[in-house]
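Source file protein_24.cif; content: mmCIF, C-alpha atoms.
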```
data_work
#
loop_
_atom_site.label_atom_id
_atom_site.label_comp_id
_atom_site.auth_asym_id
_atom_site.auth_seq_id
_atom_site.Cartn_x
_atom_site.Cartn_y
_atom_site.Cartn_z
CA MET A 1 0.00 0.00 0.00
CA THR A 2 1.30 3.41 -0.94
CA ALA A 3 0.37 6.99 -0.14
CA ALA A 4 -1.19 7.20 -3.60
CA THR A 5 -3.65 4.41 -2.84
CA ILE A 6 -4.54 5.98 0.50
CA ILE A 7 -5.65 9.25 -1.08
CA ALA A 8 -7.13 7.68 -4.23
CA PRO A 9 -10.76 8.30 -3.16
CA LEU A 10 -10.02 12.02 -2.88
CA ARG A 11 -8.62 12.42 -6.39
CA LYS A 12 -12.05 12.48 -7.95
CA LEU A 13 -14.17 14.46 -5.53
CA ASN A 14 -17.64 14.11 -7.01
CA ARG A 15 -21.12 13.43 -5.67
CA ARG A 16 -20.86 9.65 -6.23
CA ASN A 17 -17.58 9.33 -4.33
CA VAL A 18 -18.85 11.48 -1.46
CA PHE A 19 -22.01 9.36 -1.13
CA MET A 20 -19.94 6.15 -1.37
CA PHE A 21 -17.67 7.33 1.46
CA LEU A 22 -20.65 8.28 3.63
CA ALA A 23 -22.26 4.89 2.95
CA LEU A 24 -19.12 3.02 4.03
CA LEU A 25 -18.41 5.35 6.95
CA GLY A 26 -18.49 3.73 10.36
CA PRO A 27 -16.16 0.88 11.32
CA GLY A 28 -12.95 2.93 11.32
CA ILE A 29 -14.34 6.03 13.03
CA ILE A 30 -16.29 4.06 15.64
CA THR A 31 -13.43 1.69 16.53
CA ALA A 32 -10.82 4.43 16.92
CA ASN A 33 -13.07 6.73 18.93
CA VAL A 34 -14.21 4.03 21.34
CA ASP A 35 -10.55 3.74 22.32
CA ASN A 36 -11.00 7.11 24.06
CA ASP A 37 -12.93 5.33 26.81
CA ALA A 38 -12.90 5.86 30.59
CA GLY A 39 -9.42 4.34 30.89
CA GLY A 40 -8.10 6.33 27.94
CA ILE A 41 -9.53 9.64 29.15
CA THR A 42 -8.07 8.98 32.61
CA THR A 43 -4.65 8.21 31.12
CA TYR A 44 -4.60 11.34 28.95
CA SER A 45 -5.90 13.49 31.82
CA LEU A 46 -3.14 12.21 34.11
CA ALA A 47 -0.53 12.73 31.39
CA GLY A 48 -1.47 16.41 31.10
CA ALA A 49 -2.03 16.96 34.83
CA GLN A 50 1.23 15.31 35.95
CA PHE A 51 3.63 16.09 33.08
CA GLY A 52 2.19 19.19 31.44
CA LEU A 53 2.93 19.29 27.70
CA SER A 54 6.15 17.27 27.91
CA LEU A 55 4.57 14.03 26.62
CA LEU A 56 2.49 15.63 23.88
CA TRP A 57 4.99 14.70 21.13
CA ILE A 58 4.18 11.00 21.69
CA MET A 59 0.85 11.56 19.93
CA LEU A 60 2.51 11.91 16.51
CA PRO A 61 4.27 8.50 16.28
CA THR A 62 1.32 6.88 18.06
CA THR A 63 -0.99 8.18 15.33
CA VAL A 64 1.15 6.54 12.65
CA ALA A 65 1.21 3.24 14.53
CA LEU A 66 -2.55 3.31 15.11
CA VAL A 67 -3.34 4.00 11.44
CA VAL A 68 -1.03 1.19 10.27
CA VAL A 69 -2.46 -1.42 12.65
CA GLN A 70 -6.12 -0.57 12.07
CA GLU A 71 -5.70 -0.31 8.30
CA MET A 72 -4.20 -3.79 8.11
CA CYS A 73 -7.19 -5.31 9.92
CA ALA A 74 -9.74 -3.43 7.83
CA ARG A 75 -7.92 -4.56 4.67
CA MET A 76 -7.93 -8.20 5.79
CA GLY A 77 -11.67 -8.01 6.47
CA ALA A 78 -12.41 -6.50 3.07
CA VAL A 79 -10.21 -8.92 1.11
CA THR A 80 -11.02 -12.19 2.92
CA GLY A 81 -14.58 -11.47 4.09
CA LYS A 82 -13.65 -13.04 7.43
CA GLY A 83 -13.05 -11.76 10.95
CA LEU A 84 -9.67 -11.90 12.65
CA SER A 85 -10.67 -14.76 14.96
CA ASP A 86 -11.80 -16.80 11.94
CA LEU A 87 -8.46 -16.30 10.24
CA ILE A 88 -6.49 -17.11 13.40
CA ARG A 89 -8.42 -20.37 13.87
CA GLU A 90 -8.00 -21.38 10.23
CA SER A 91 -4.30 -20.49 10.07
CA PHE A 92 -3.01 -21.37 13.56
CA GLY A 93 -5.49 -23.93 14.91
CA VAL A 94 -7.98 -24.17 17.74
CA LYS A 95 -5.45 -24.26 20.61
CA VAL A 96 -3.82 -20.92 19.73
CA THR A 97 -7.25 -19.39 19.15
CA PHE A 98 -8.49 -20.64 22.54
CA TYR A 99 -5.64 -19.07 24.52
CA VAL A 100 -5.92 -15.77 22.63
CA MET A 101 -9.69 -15.72 23.28
CA ILE A 102 -9.28 -16.38 27.02
CA ALA A 103 -6.70 -13.59 27.41
CA LEU A 104 -8.84 -11.13 25.46
CA PHE A 105 -12.01 -12.10 27.34
CA LEU A 106 -10.39 -11.40 30.74
CA THR A 107 -8.91 -8.13 29.49
CA ASN A 108 -12.17 -6.88 28.01
CA LEU A 109 -14.13 -7.87 31.12
CA GLY A 110 -11.79 -5.70 33.22
CA ASN A 111 -12.07 -2.87 30.68
CA THR A 112 -15.87 -3.09 30.66
CA VAL A 113 -15.90 -2.84 34.46
CA SER A 114 -13.89 0.39 34.11
CA GLU A 115 -16.47 1.76 31.65
CA PHE A 116 -19.26 1.34 34.18
CA ALA A 117 -16.98 2.94 36.75
CA GLY A 118 -16.72 5.88 34.35
CA ILE A 119 -20.51 6.06 34.04
CA ALA A 120 -20.84 6.08 37.84
CA ALA A 121 -18.12 8.72 38.36
CA SER A 122 -19.38 11.09 35.64
CA MET A 123 -22.99 10.96 36.84
CA GLU A 124 -21.96 11.48 40.47
CA LEU A 125 -20.54 14.84 39.33
CA PHE A 126 -24.15 15.77 38.51
CA GLY A 127 -25.41 14.40 41.84
CA ILE A 128 -26.79 11.12 40.46
CA SER A 129 -26.07 7.97 42.50
CA LYS A 130 -24.27 5.03 40.89
CA TYR A 131 -27.11 2.80 42.09
CA LEU A 132 -29.31 4.60 39.56
CA SER A 133 -26.87 5.48 36.75
CA VAL A 134 -25.14 2.08 36.43
CA PRO A 135 -28.26 -0.16 36.20
CA LEU A 136 -29.93 2.35 33.88
CA GLY A 137 -26.79 2.53 31.71
CA ALA A 138 -26.61 -1.27 31.54
CA VAL A 139 -30.25 -1.51 30.42
CA VAL A 140 -29.76 1.17 27.73
CA VAL A 141 -26.65 -0.60 26.41
CA TRP A 142 -28.42 -3.98 26.35
CA LEU A 143 -31.53 -2.68 24.60
CA LEU A 144 -29.54 -0.79 21.97
CA ILE A 145 -27.50 -3.82 20.92
CA VAL A 146 -30.01 -6.64 21.39
CA LYS A 147 -33.08 -4.85 20.01
CA GLY A 148 -31.41 -2.58 17.45
CA SER A 149 -30.36 -3.39 13.87
CA TYR A 150 -26.78 -2.94 12.66
CA ARG A 151 -27.77 0.26 10.83
CA ILE A 152 -29.41 1.79 13.93
CA VAL A 153 -26.54 0.78 16.22
CA GLU A 154 -23.97 2.25 13.83
CA LYS A 155 -25.85 5.55 13.56
CA VAL A 156 -26.08 5.85 17.36
CA PHE A 157 -22.35 5.14 17.63
CA LEU A 158 -21.51 7.77 15.00
CA VAL A 159 -23.58 10.38 16.87
CA ALA A 160 -21.74 9.40 20.08
CA CYS A 161 -18.45 10.15 18.30
CA LEU A 162 -19.60 13.76 17.80
CA VAL A 163 -19.91 14.32 21.58
CA TYR A 164 -16.11 14.11 21.84
CA ILE A 165 -16.10 17.74 20.63
CA ALA A 166 -16.56 18.54 24.35
CA TYR A 167 -12.83 18.02 24.93
CA PRO A 168 -11.50 20.42 22.26
CA VAL A 169 -13.98 23.03 23.55
CA ALA A 170 -12.74 22.47 27.12
CA ALA A 171 -9.15 22.81 25.90
CA PHE A 172 -9.85 26.18 24.26
CA MET A 173 -11.66 27.35 27.39
CA SER A 174 -8.53 26.53 29.43
CA GLY A 175 -6.57 29.19 27.50
CA PRO A 176 -3.24 27.43 26.81
CA ASP A 177 -0.21 29.04 25.19
CA TRP A 178 -0.70 27.66 21.67
CA GLY A 179 2.90 28.43 20.73
CA GLU A 180 4.08 26.12 23.52
CA VAL A 181 1.51 23.53 22.51
CA LEU A 182 2.73 23.54 18.91
CA LYS A 183 6.36 23.19 19.98
CA ALA A 184 5.59 20.38 22.43
CA SER A 185 3.69 18.54 19.69
CA VAL A 186 6.78 18.05 17.51
CA VAL A 187 9.80 18.51 19.80
CA PRO A 188 10.46 15.66 22.28
CA ASP A 189 10.97 16.84 25.85
CA PHE A 190 11.28 13.49 27.57
CA LYS A 191 12.80 13.24 31.02
CA VAL A 192 13.63 9.59 31.75
CA THR A 193 12.02 9.03 35.12
CA PRO A 194 10.07 5.98 36.34
CA ASP A 195 6.79 7.91 36.31
CA ALA A 196 7.37 9.30 32.82
CA VAL A 197 8.30 5.87 31.41
CA THR A 198 5.21 4.31 33.00
CA MET A 199 2.97 7.08 31.64
CA THR A 200 4.45 6.65 28.14
CA ILE A 201 3.62 2.96 28.30
CA GLY A 202 0.12 3.88 29.44
CA ILE A 203 -0.42 6.30 26.54
CA VAL A 204 0.72 3.77 23.92
CA GLY A 205 -1.15 0.92 25.58
CA THR A 206 -4.44 2.76 25.88
CA THR A 207 -4.25 4.05 22.28
CA ILE A 208 -3.61 0.69 20.59
CA ALA A 209 -5.65 -2.03 22.33
CA PRO A 210 -6.07 -5.66 21.13
CA TRP A 211 -9.88 -5.55 21.08
CA MET A 212 -9.73 -2.77 18.46
CA GLN A 213 -8.24 -5.01 15.79
CA PHE A 214 -10.91 -7.69 16.24
CA TYR A 215 -13.80 -5.22 16.31
CA GLN A 216 -12.48 -3.26 13.32
CA GLN A 217 -12.24 -6.34 11.12
CA ALA A 218 -15.57 -7.80 12.30
CA SER A 219 -17.32 -4.47 11.57
CA VAL A 220 -15.88 -4.31 8.05
CA VAL A 221 -17.11 -7.86 7.39
CA GLU A 222 -20.60 -7.28 8.84
CA LYS A 223 -20.99 -4.04 6.87
CA GLY A 224 -20.27 -6.02 3.68
CA ILE A 225 -17.23 -4.00 2.59
CA THR A 226 -15.18 -5.74 -0.10
CA LYS A 227 -11.86 -5.07 -1.80
CA ASP A 228 -13.72 -3.38 -4.67
CA ASN A 229 -14.85 -0.48 -2.47
CA TYR A 230 -12.12 -0.72 0.15
CA ALA A 231 -10.45 2.60 -0.78
CA PHE A 232 -13.33 4.45 0.90
CA SER A 233 -13.17 2.21 3.96
CA ARG A 234 -9.45 2.90 4.26
CA LEU A 235 -10.24 6.60 4.35
CA ASP A 236 -12.77 5.86 7.11
CA VAL A 237 -9.99 4.19 9.14
CA ILE A 238 -7.60 7.10 8.68
CA VAL A 239 -10.21 9.74 9.56
CA GLY A 240 -11.22 7.75 12.65
CA CYS A 241 -7.65 7.40 13.90
CA PHE A 242 -6.97 11.11 13.50
CA MET A 243 -10.23 11.99 15.26
CA ALA A 244 -9.29 9.79 18.22
CA ILE A 245 -5.79 11.23 18.52
CA ILE A 246 -7.05 14.82 18.21
CA VAL A 247 -9.44 14.22 21.14
CA ALA A 248 -6.60 12.71 23.20
CA PHE A 249 -4.39 15.67 22.24
CA PHE A 250 -6.92 18.22 23.54
CA ILE A 251 -7.49 16.30 26.78
CA VAL A 252 -3.75 16.51 27.50
CA VAL A 253 -3.68 20.21 26.56
CA ALA A 254 -6.69 21.09 28.74
CA CYS A 255 -5.25 19.36 31.82
CA ALA A 256 -1.72 20.68 31.21
CA ALA A 257 -2.89 24.29 30.88
CA THR A 258 -4.91 24.19 34.08
CA ILE A 259 -4.34 21.34 36.55
CA PHE A 260 -0.59 20.96 35.92
CA LYS A 261 0.04 24.70 36.21
CA ALA A 262 -1.99 24.86 39.43
CA GLY A 263 -0.07 21.91 40.88
CA ILE A 264 -3.24 19.96 41.72
CA LYS A 265 -2.94 16.18 42.20
CA ILE A 266 -5.58 13.99 40.56
CA GLU A 267 -6.09 10.23 40.20
CA THR A 268 -9.04 9.84 37.80
CA ALA A 269 -10.80 11.58 34.92
CA ALA A 270 -13.60 12.56 37.33
CA ASP A 271 -10.98 14.26 39.54
CA ALA A 272 -9.80 16.17 36.47
CA ALA A 273 -13.34 17.38 35.76
CA MET A 274 -13.80 18.59 39.35
CA ALA A 275 -10.40 20.29 39.38
CA LEU A 276 -11.39 22.43 36.38
CA THR A 277 -14.21 24.21 38.25
CA PRO A 278 -12.09 26.67 40.29
CA LEU A 279 -9.56 27.05 37.45
CA VAL A 280 -11.76 27.56 34.39
CA GLY A 281 -15.36 27.38 35.53
CA GLY A 282 -18.33 25.06 35.86
CA TYR A 283 -18.91 24.87 32.10
CA ALA A 284 -15.54 23.19 31.54
CA THR A 285 -16.29 20.73 34.34
CA GLY A 286 -19.64 19.95 32.77
CA LEU A 287 -18.05 19.39 29.36
CA PHE A 288 -15.44 17.05 30.84
CA ALA A 289 -18.12 15.13 32.76
CA ILE A 290 -20.40 14.83 29.72
CA GLY A 291 -17.45 13.65 27.63
CA LEU A 292 -16.55 11.04 30.24
CA PHE A 293 -20.14 9.77 30.46
CA ASN A 294 -20.49 9.58 26.67
CA ALA A 295 -17.14 7.80 26.29
CA SER A 296 -17.93 5.31 29.07
CA LEU A 297 -21.43 4.48 27.79
CA PHE A 298 -20.13 4.27 24.20
CA ALA A 299 -17.33 1.87 25.19
CA ALA A 300 -19.66 -0.12 27.47
CA CYS A 301 -21.55 -0.97 24.26
CA VAL A 302 -18.59 -1.73 22.02
CA LEU A 303 -16.19 -3.61 24.33
CA PRO A 304 -18.65 -6.41 25.22
CA LEU A 305 -19.77 -6.40 21.58
CA SER A 306 -16.20 -6.87 20.34
CA THR A 307 -15.71 -9.69 22.88
CA SER A 308 -18.83 -11.46 21.61
CA TYR A 309 -17.67 -10.96 18.01
CA TYR A 310 -14.22 -12.50 18.35
CA ILE A 311 -15.18 -15.39 20.65
CA CYS A 312 -18.12 -16.42 18.45
CA GLU A 313 -15.90 -16.10 15.37
CA GLY A 314 -13.20 -18.20 16.99
CA LEU A 315 -15.70 -20.94 17.95
CA GLY A 316 -17.62 -20.83 14.67
CA TRP A 317 -20.92 -19.63 16.21
CA GLU A 318 -23.45 -17.36 14.54
CA LEU A 319 -22.85 -13.71 15.29
CA GLY A 320 -23.71 -10.15 14.37
CA VAL A 321 -25.97 -7.28 15.39
CA GLY A 322 -27.84 -7.88 12.14
CA LYS A 323 -29.16 -11.19 13.54
CA ASP A 324 -31.74 -11.61 16.29
CA PHE A 325 -31.49 -13.52 19.59
CA ARG A 326 -32.86 -16.76 18.09
CA GLU A 327 -30.38 -16.71 15.19
CA ALA A 328 -27.29 -15.94 17.32
CA PRO A 329 -28.08 -16.99 20.93
CA GLN A 330 -24.45 -17.51 22.04
CA PHE A 331 -23.48 -14.08 20.66
CA TYR A 332 -26.22 -12.26 22.57
CA TRP A 333 -25.96 -14.31 25.77
CA MET A 334 -22.23 -13.60 25.97
CA PHE A 335 -22.90 -9.88 25.47
CA THR A 336 -25.61 -9.98 28.16
CA VAL A 337 -23.46 -11.80 30.72
CA ILE A 338 -20.51 -9.40 30.27
CA ILE A 339 -22.81 -6.38 30.75
CA ALA A 340 -24.49 -7.87 33.83
CA VAL A 341 -21.24 -8.97 35.52
CA SER A 342 -19.43 -5.68 34.81
CA ALA A 343 -22.28 -3.49 36.07
CA GLY A 344 -22.77 -5.77 39.09
CA ILE A 345 -19.11 -5.44 40.14
CA ILE A 346 -19.42 -1.64 40.21
CA LEU A 347 -22.40 -1.91 42.54
CA LEU A 348 -20.54 -4.12 45.04
CA PRO A 349 -19.47 -2.14 48.14
CA GLY A 350 -15.68 -1.92 48.36
CA ALA A 351 -15.01 -3.51 44.96
CA PRO A 352 -11.25 -3.17 44.09
CA LEU A 353 -11.88 -1.13 40.93
CA ILE A 354 -8.40 0.35 40.62
CA ALA A 355 -6.80 -3.10 40.92
CA ILE A 356 -9.19 -4.54 38.31
CA MET A 357 -8.45 -1.72 35.87
CA TYR A 358 -4.70 -1.91 36.38
CA ILE A 359 -4.49 -5.70 35.99
CA SER A 360 -6.64 -5.57 32.85
CA GLN A 361 -4.22 -3.03 31.35
CA VAL A 362 -1.25 -5.29 32.16
CA VAL A 363 -2.96 -8.22 30.43
CA ASN A 364 -3.93 -5.87 27.60
CA GLY A 365 -0.30 -4.87 27.10
CA ALA A 366 0.97 -8.44 27.39
CA VAL A 367 -1.46 -9.72 24.72
CA LEU A 368 -1.04 -6.87 22.21
CA PRO A 369 2.42 -7.74 20.78
CA PHE A 370 1.34 -11.34 20.11
CA VAL A 371 -1.84 -10.16 18.39
CA LEU A 372 0.22 -7.76 16.23
CA ILE A 373 2.63 -10.54 15.25
CA VAL A 374 -0.28 -12.80 14.24
CA ILE A 375 -1.81 -9.94 12.21
CA LEU A 376 1.48 -9.36 10.40
CA MET A 377 1.83 -13.05 9.57
CA LEU A 378 -1.70 -13.10 8.15
CA ILE A 379 -1.48 -9.82 6.23
CA ASN A 380 1.74 -10.98 4.53
CA ASP A 381 0.33 -14.39 3.52
CA LYS A 382 0.17 -14.24 -0.28
CA ARG A 383 -2.28 -17.17 -0.43
CA LEU A 384 -4.66 -15.29 1.85
CA MET A 385 -4.25 -11.69 0.68
CA GLY A 386 -3.04 -12.01 -2.93
CA ASP A 387 -1.96 -8.61 -4.23
CA TYR A 388 -3.16 -6.94 -1.00
CA VAL A 389 -0.23 -8.06 1.15
CA ASN A 390 1.74 -5.35 2.94
CA LYS A 391 4.22 -3.25 1.01
CA ALA A 392 7.75 -2.94 2.39
CA THR A 393 7.13 0.49 3.97
CA PHE A 394 4.10 -0.74 5.85
CA ASN A 395 5.98 -3.79 7.11
CA VAL A 396 8.82 -1.63 8.42
CA ILE A 397 6.39 0.62 10.30
CA ALA A 398 4.31 -2.31 11.56
CA TRP A 399 7.25 -4.43 12.76
CA GLY A 400 8.77 -1.33 14.33
CA THR A 401 5.51 -0.85 16.21
CA VAL A 402 5.63 -4.48 17.37
CA VAL A 403 9.21 -4.12 18.66
CA ILE A 404 8.47 -0.86 20.50
CA VAL A 405 5.19 -2.09 21.98
CA MET A 406 6.77 -5.40 23.00
CA GLY A 407 9.67 -3.57 24.66
CA LEU A 408 7.33 -1.24 26.53
CA THR A 409 5.06 -4.13 27.48
CA LEU A 410 7.98 -6.18 28.79
CA LEU A 411 9.18 -3.22 30.85
CA MET A 412 5.67 -2.60 32.21
CA THR A 413 5.11 -6.28 33.06
CA LEU A 414 8.48 -6.67 34.76
CA ASP A 415 7.87 -3.52 36.79
CA PHE A 416 4.50 -4.95 37.83
CA VAL A 417 6.11 -8.24 38.93
CA PHE A 418 9.21 -6.56 40.43
CA PRO A 419 8.06 -3.16 41.77
CA GLY A 420 10.68 -0.42 41.45
CA LEU A 421 12.51 -2.08 38.52
CA ILE A 422 12.14 0.98 36.27
CA ALA A 423 13.52 3.23 39.01
CA ARG A 424 16.56 0.99 39.42
CA LEU A 425 17.17 0.78 35.66
CA MET A 426 17.01 4.59 35.38
CA GLY A 427 19.39 5.03 38.33
CA HIS A 428 16.80 6.54 40.70
#
```

Entire entry expressed as C-alpha cells:
Amino acid sequence: MTAATIIAPLRKLNRRNVFMFLALLGPGIITANVDNDAGGITTYSLAGAQFGLSLLWIMLPTTVALVVVQEMCARMGAVTGKGLSDLIRESFGVKVTFYVMIALFLTNLGNTVSEFAGIAASMELFGISKYLSVPLGAVVVWLLIVKGSYRIVEKVFLVACLVYIAYPVAAFMSGPDWGEVLKASVVPDFKVTPDAVTMTIGIVGTTIAPWMQFYQQASVVEKGITKDNYAFSRLDVIVGCFMAIIVAFFIVVACAATIFKAGIKIETAADAAMALTPLVGGYATGLFAIGLFNASLFAACVLPLSTSYYICEGLGWELGVGKDFREAPQFYWMFTVIIAVSAGIILLPGAPLIAIMYISQVVNGAVLPFVLIVILMLINDKRLMGDYVNKATFNVIAWGTVVIVMGLTLLMTLDFVFPGLIARLMGH
C-alpha cells in the first residue's frame, strides 16, 4: 500500500464518491473513537495533569502506529470477508485461538468494568447515585445492541463520536499558550524518570488495544465492505484514527494548561473534571463530565460487543448485530453476561476497581504484541491476501511498532512483577 492508494478516493471528488464514502463510513471512526474510553480519558488526563505538555509529542508517532495497525485489519476483512478470529483459527489452529480468546475475554471484562466505573463517576458529578446510573446505563446498552439493527446501532455510535467535541472546547476554554503547545507537539521533551516511562507505556497501551483489531475487522465484514470499495473504507480508518488522537491531544492540553500549572494532584478523569471548576469554571467541568459519560457508555456498548464478536468467530458460532437472539443466541448471551457482571461489580461495596483496571491493562499490554505478530503473519500471507499483502514500507512501520510495543510491554510487566525495577534501571 502506498500513499497514492490511501488518497485515491479524494482524487475524484464528485457526488458519487462522497455518497460512497458516507455509505461506508463507520467501522474505522467508531473503533478508533471508542478507544477514548474511561481508561483512555483517565490516562490522557493524568498525562497532562502530571507532566504538562512534555509528553504531547508521543501523539505523533502513536498516530502513525494506530493507522497502520487498524488499516491492516480493515484490509484483511475487506479482502477475505472473514473476521480476525476466523483467520487465526483457520491459520493457527484451535489451541492458539483458545488461549488468545481467554486472554482477550479477561482483558475486556476488566475494561468493561472500568467503563461502568466511568458512568458512575461522571454521573456522580451531577449528583446522580451510581445505584441509579449504572443499572440504567446497563439496560440502555443492552436494549440498543439486542433490540437494534446494525444500521441503527452504527448511527447511534456515529452520533456518540460527535460528543467528543466537548474536549476540544474544554481545551480552548482553558486558554493554553498555543505556541508552547505547537512546539511540544513536535519537539520531544522526555525526562527519563520511572513515572514518565510508565505514563508513556500507558499512553501507547491505551491508544492501541487488542480488542480494536478484532472489532475493526468484524465491523468491516458485517458491513459487507469488499476489496472493490475498500479505498473508501481505508479513508474511514484514517479519519477515525486522527479523530481519536485529536481528542486525546486536547485532553492533555486542557489538563496541562490548568491542573498541571496549578499543581493539583488527581487520580481519575472525574478528579480532572472537578479540578477544572475553580480554574476555568463550571462549564468546563460539565463538558469534561459529559465527555466522560459519553465515552464510558459508548465503550460499554462496544467492548462487550467486540468480545462477543471474536469469541463467536473463533468458535464458529453465529454472530452479528444484524441477527436476532434466536439466530445468534451464544453471541447475545455472551454480550448480556458481560454487561451484567461488569455493572454488578461496580455496585458491590468496596469492589477493588483500581486493581481490576490496572491488571486488565497489564494483560492488555501483554497480549497486544502477540496479536500484532499474528496480524502481520496473516497480512503478509500471499495465499490469503493475494496482491493486497503489505508493502515494504508498511511492514517496516508495523514491525517497528511491534518491537516498541513489545519492549514497553515487557518493561511494564516486569515492573509490575518486580516493583521499582524501572527506578533501578534509570538510576533513581

Close residues, Ser45 (chain A) itself excluded, 7 Å, all atoms listed in the file, min 4 positions apart in chain, as a PDB file with C-alpha atoms, keeping the file's coordinate frame:
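Output (selection_34.pdb):
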```pdb
ATOM      1  CA  ILE A  41      -9.530   9.640  29.150  1.00  0.00           C
ATOM      2  CA  ALA A  49      -2.030  16.960  34.830  1.00  0.00           C
ATOM      3  CA  ILE A 251      -7.490  16.300  26.780  1.00  0.00           C
ATOM      4  CA  VAL A 252      -3.750  16.510  27.500  1.00  0.00           C
ATOM      5  CA  CYS A 255      -5.250  19.360  31.820  1.00  0.00           C
ATOM      6  CA  ALA A 269     -10.800  11.580  34.920  1.00  0.00           C
ATOM      7  CA  ALA A 272      -9.800  16.170  36.470  1.00  0.00           C
TER       8      ALA A 272
END
```

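What separates CA of Thr198 (chain A) from CA of Phe418 (chain A) is a distance of 13.8 Å.
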
* To do: Translate the PyMOL selection byres ((chain A and resi 199) around 12), as applied to the file shown, into an explicit residue set as a ChimeraX atom specification.
  => /A:40,42-51,54-56,58,190-198,200-206,408,412,422

If we count all atoms listed in the file and set the cut-off at 12 Å, which residues sit around Gly83 (chain A), ignoring sequence neighbours fewer than 6 positions away in its own chain? Please answer as an MDAnalysis selection string. chainID A and resid 73:77 89:90 213:224 306 309:316 319:320 375 378

Give me the residues near Thr112 (chain A) as a PDB file with C-alpha atoms, keeping the file's coordinate frame, where near means some atom within 12 Å (using only C-alpha atoms) and where sequence neighbours in that chain fewer than 5 positions away do not count.
```pdb
ATOM      1  CA  VAL A  34     -14.210   4.030  21.340  1.00  0.00           C
ATOM      2  CA  ASP A  37     -12.930   5.330  26.810  1.00  0.00           C
ATOM      3  CA  ALA A  38     -12.900   5.860  30.590  1.00  0.00           C
ATOM      4  CA  GLY A  39      -9.420   4.340  30.890  1.00  0.00           C
ATOM      5  CA  LEU A 104      -8.840 -11.130  25.460  1.00  0.00           C
ATOM      6  CA  PHE A 105     -12.010 -12.100  27.340  1.00  0.00           C
ATOM      7  CA  LEU A 106     -10.390 -11.400  30.740  1.00  0.00           C
ATOM      8  CA  THR A 107      -8.910  -8.130  29.490  1.00  0.00           C
ATOM      9  CA  ALA A 117     -16.980   2.940  36.750  1.00  0.00           C
ATOM     10  CA  GLY A 118     -16.720   5.880  34.350  1.00  0.00           C
ATOM     11  CA  ILE A 119     -20.510   6.060  34.040  1.00  0.00           C
ATOM     12  CA  ALA A 138     -26.610  -1.270  31.540  1.00  0.00           C
ATOM     13  CA  VAL A 141     -26.650  -0.600  26.410  1.00  0.00           C
ATOM     14  CA  TRP A 211      -9.880  -5.550  21.080  1.00  0.00           C
ATOM     15  CA  ALA A 295     -17.140   7.800  26.290  1.00  0.00           C
ATOM     16  CA  SER A 296     -17.930   5.310  29.070  1.00  0.00           C
ATOM     17  CA  LEU A 297     -21.430   4.480  27.790  1.00  0.00           C
ATOM     18  CA  PHE A 298     -20.130   4.270  24.200  1.00  0.00           C
ATOM     19  CA  ALA A 299     -17.330   1.870  25.190  1.00  0.00           C
ATOM     20  CA  ALA A 300     -19.660  -0.120  27.470  1.00  0.00           C
ATOM     21  CA  CYS A 301     -21.550  -0.970  24.260  1.00  0.00           C
ATOM     22  CA  VAL A 302     -18.590  -1.730  22.020  1.00  0.00           C
ATOM     23  CA  LEU A 303     -16.190  -3.610  24.330  1.00  0.00           C
ATOM     24  CA  PRO A 304     -18.650  -6.410  25.220  1.00  0.00           C
ATOM     25  CA  LEU A 305     -19.770  -6.400  21.580  1.00  0.00           C
ATOM     26  CA  SER A 306     -16.200  -6.870  20.340  1.00  0.00           C
ATOM     27  CA  THR A 307     -15.710  -9.690  22.880  1.00  0.00           C
ATOM     28  CA  PHE A 335     -22.900  -9.880  25.470  1.00  0.00           C
ATOM     29  CA  VAL A 337     -23.460 -11.800  30.720  1.00  0.00           C
ATOM     30  CA  ILE A 338     -20.510  -9.400  30.270  1.00  0.00           C
ATOM     31  CA  ILE A 339     -22.810  -6.380  30.750  1.00  0.00           C
ATOM     32  CA  ALA A 340     -24.490  -7.870  33.830  1.00  0.00           C
ATOM     33  CA  VAL A 341     -21.240  -8.970  35.520  1.00  0.00           C
ATOM     34  CA  SER A 342     -19.430  -5.680  34.810  1.00  0.00           C
ATOM     35  CA  ALA A 343     -22.280  -3.490  36.070  1.00  0.00           C
ATOM     36  CA  GLY A 344     -22.770  -5.770  39.090  1.00  0.00           C
ATOM     37  CA  ILE A 345     -19.110  -5.440  40.140  1.00  0.00           C
ATOM     38  CA  ILE A 346     -19.420  -1.640  40.210  1.00  0.00           C
ATOM     39  CA  LEU A 353     -11.880  -1.130  40.930  1.00  0.00           C
ATOM     40  CA  ILE A 356      -9.190  -4.540  38.310  1.00  0.00           C
ATOM     41  CA  MET A 357      -8.450  -1.720  35.870  1.00  0.00           C
ATOM     42  CA  SER A 360      -6.640  -5.570  32.850  1.00  0.00           C
ATOM     43  CA  GLN A 361      -4.220  -3.030  31.350  1.00  0.00           C
TER      44      GLN A 361
END
```

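For the atom pair formed by CA of Thr80 (chain A) and CA of Ile29 (chain A), the distance is 21.1 Å, given to one decimal.
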
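Computed from the coordinates, the CA of Ala289 (chain A) to CA of Tyr131 (chain A) distance equals 17.9 Å.
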
* To do: Considering only C-alpha atoms, state which residue in the set A:Phe260, A:Phe325, A:Phe92, A:Tyr230 is at the smallest distance from Pro176 (chain A).
  =>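 Ranked by minimum distance to Pro176 (chain A), first place goes to A:Phe260.
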
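Residue nearest Met385 (chain A), chosen from A:Val79, A:Met243, A:Ala351, A:Ala231 and counting only C-alpha atoms: A:Val79.
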
**Long-range neighbours of region 63-68 of chain A as a list in words, 8 Å cut-off, only C-alpha atoms, 4 positions minimum in chain** = Met59, Met72, Thr207, Ile208, Val237, Ile238, Cys241, Phe242, Ile245, Phe394, Ile397, Ala398 and Thr401 of chain A

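You can rank A:Lys261, A:Lys130, A:Lys227, A:Lys95 by their closest distance to Leu53 (chain A) using all atoms listed in the file, and at the top of that list sits A:Lys261.
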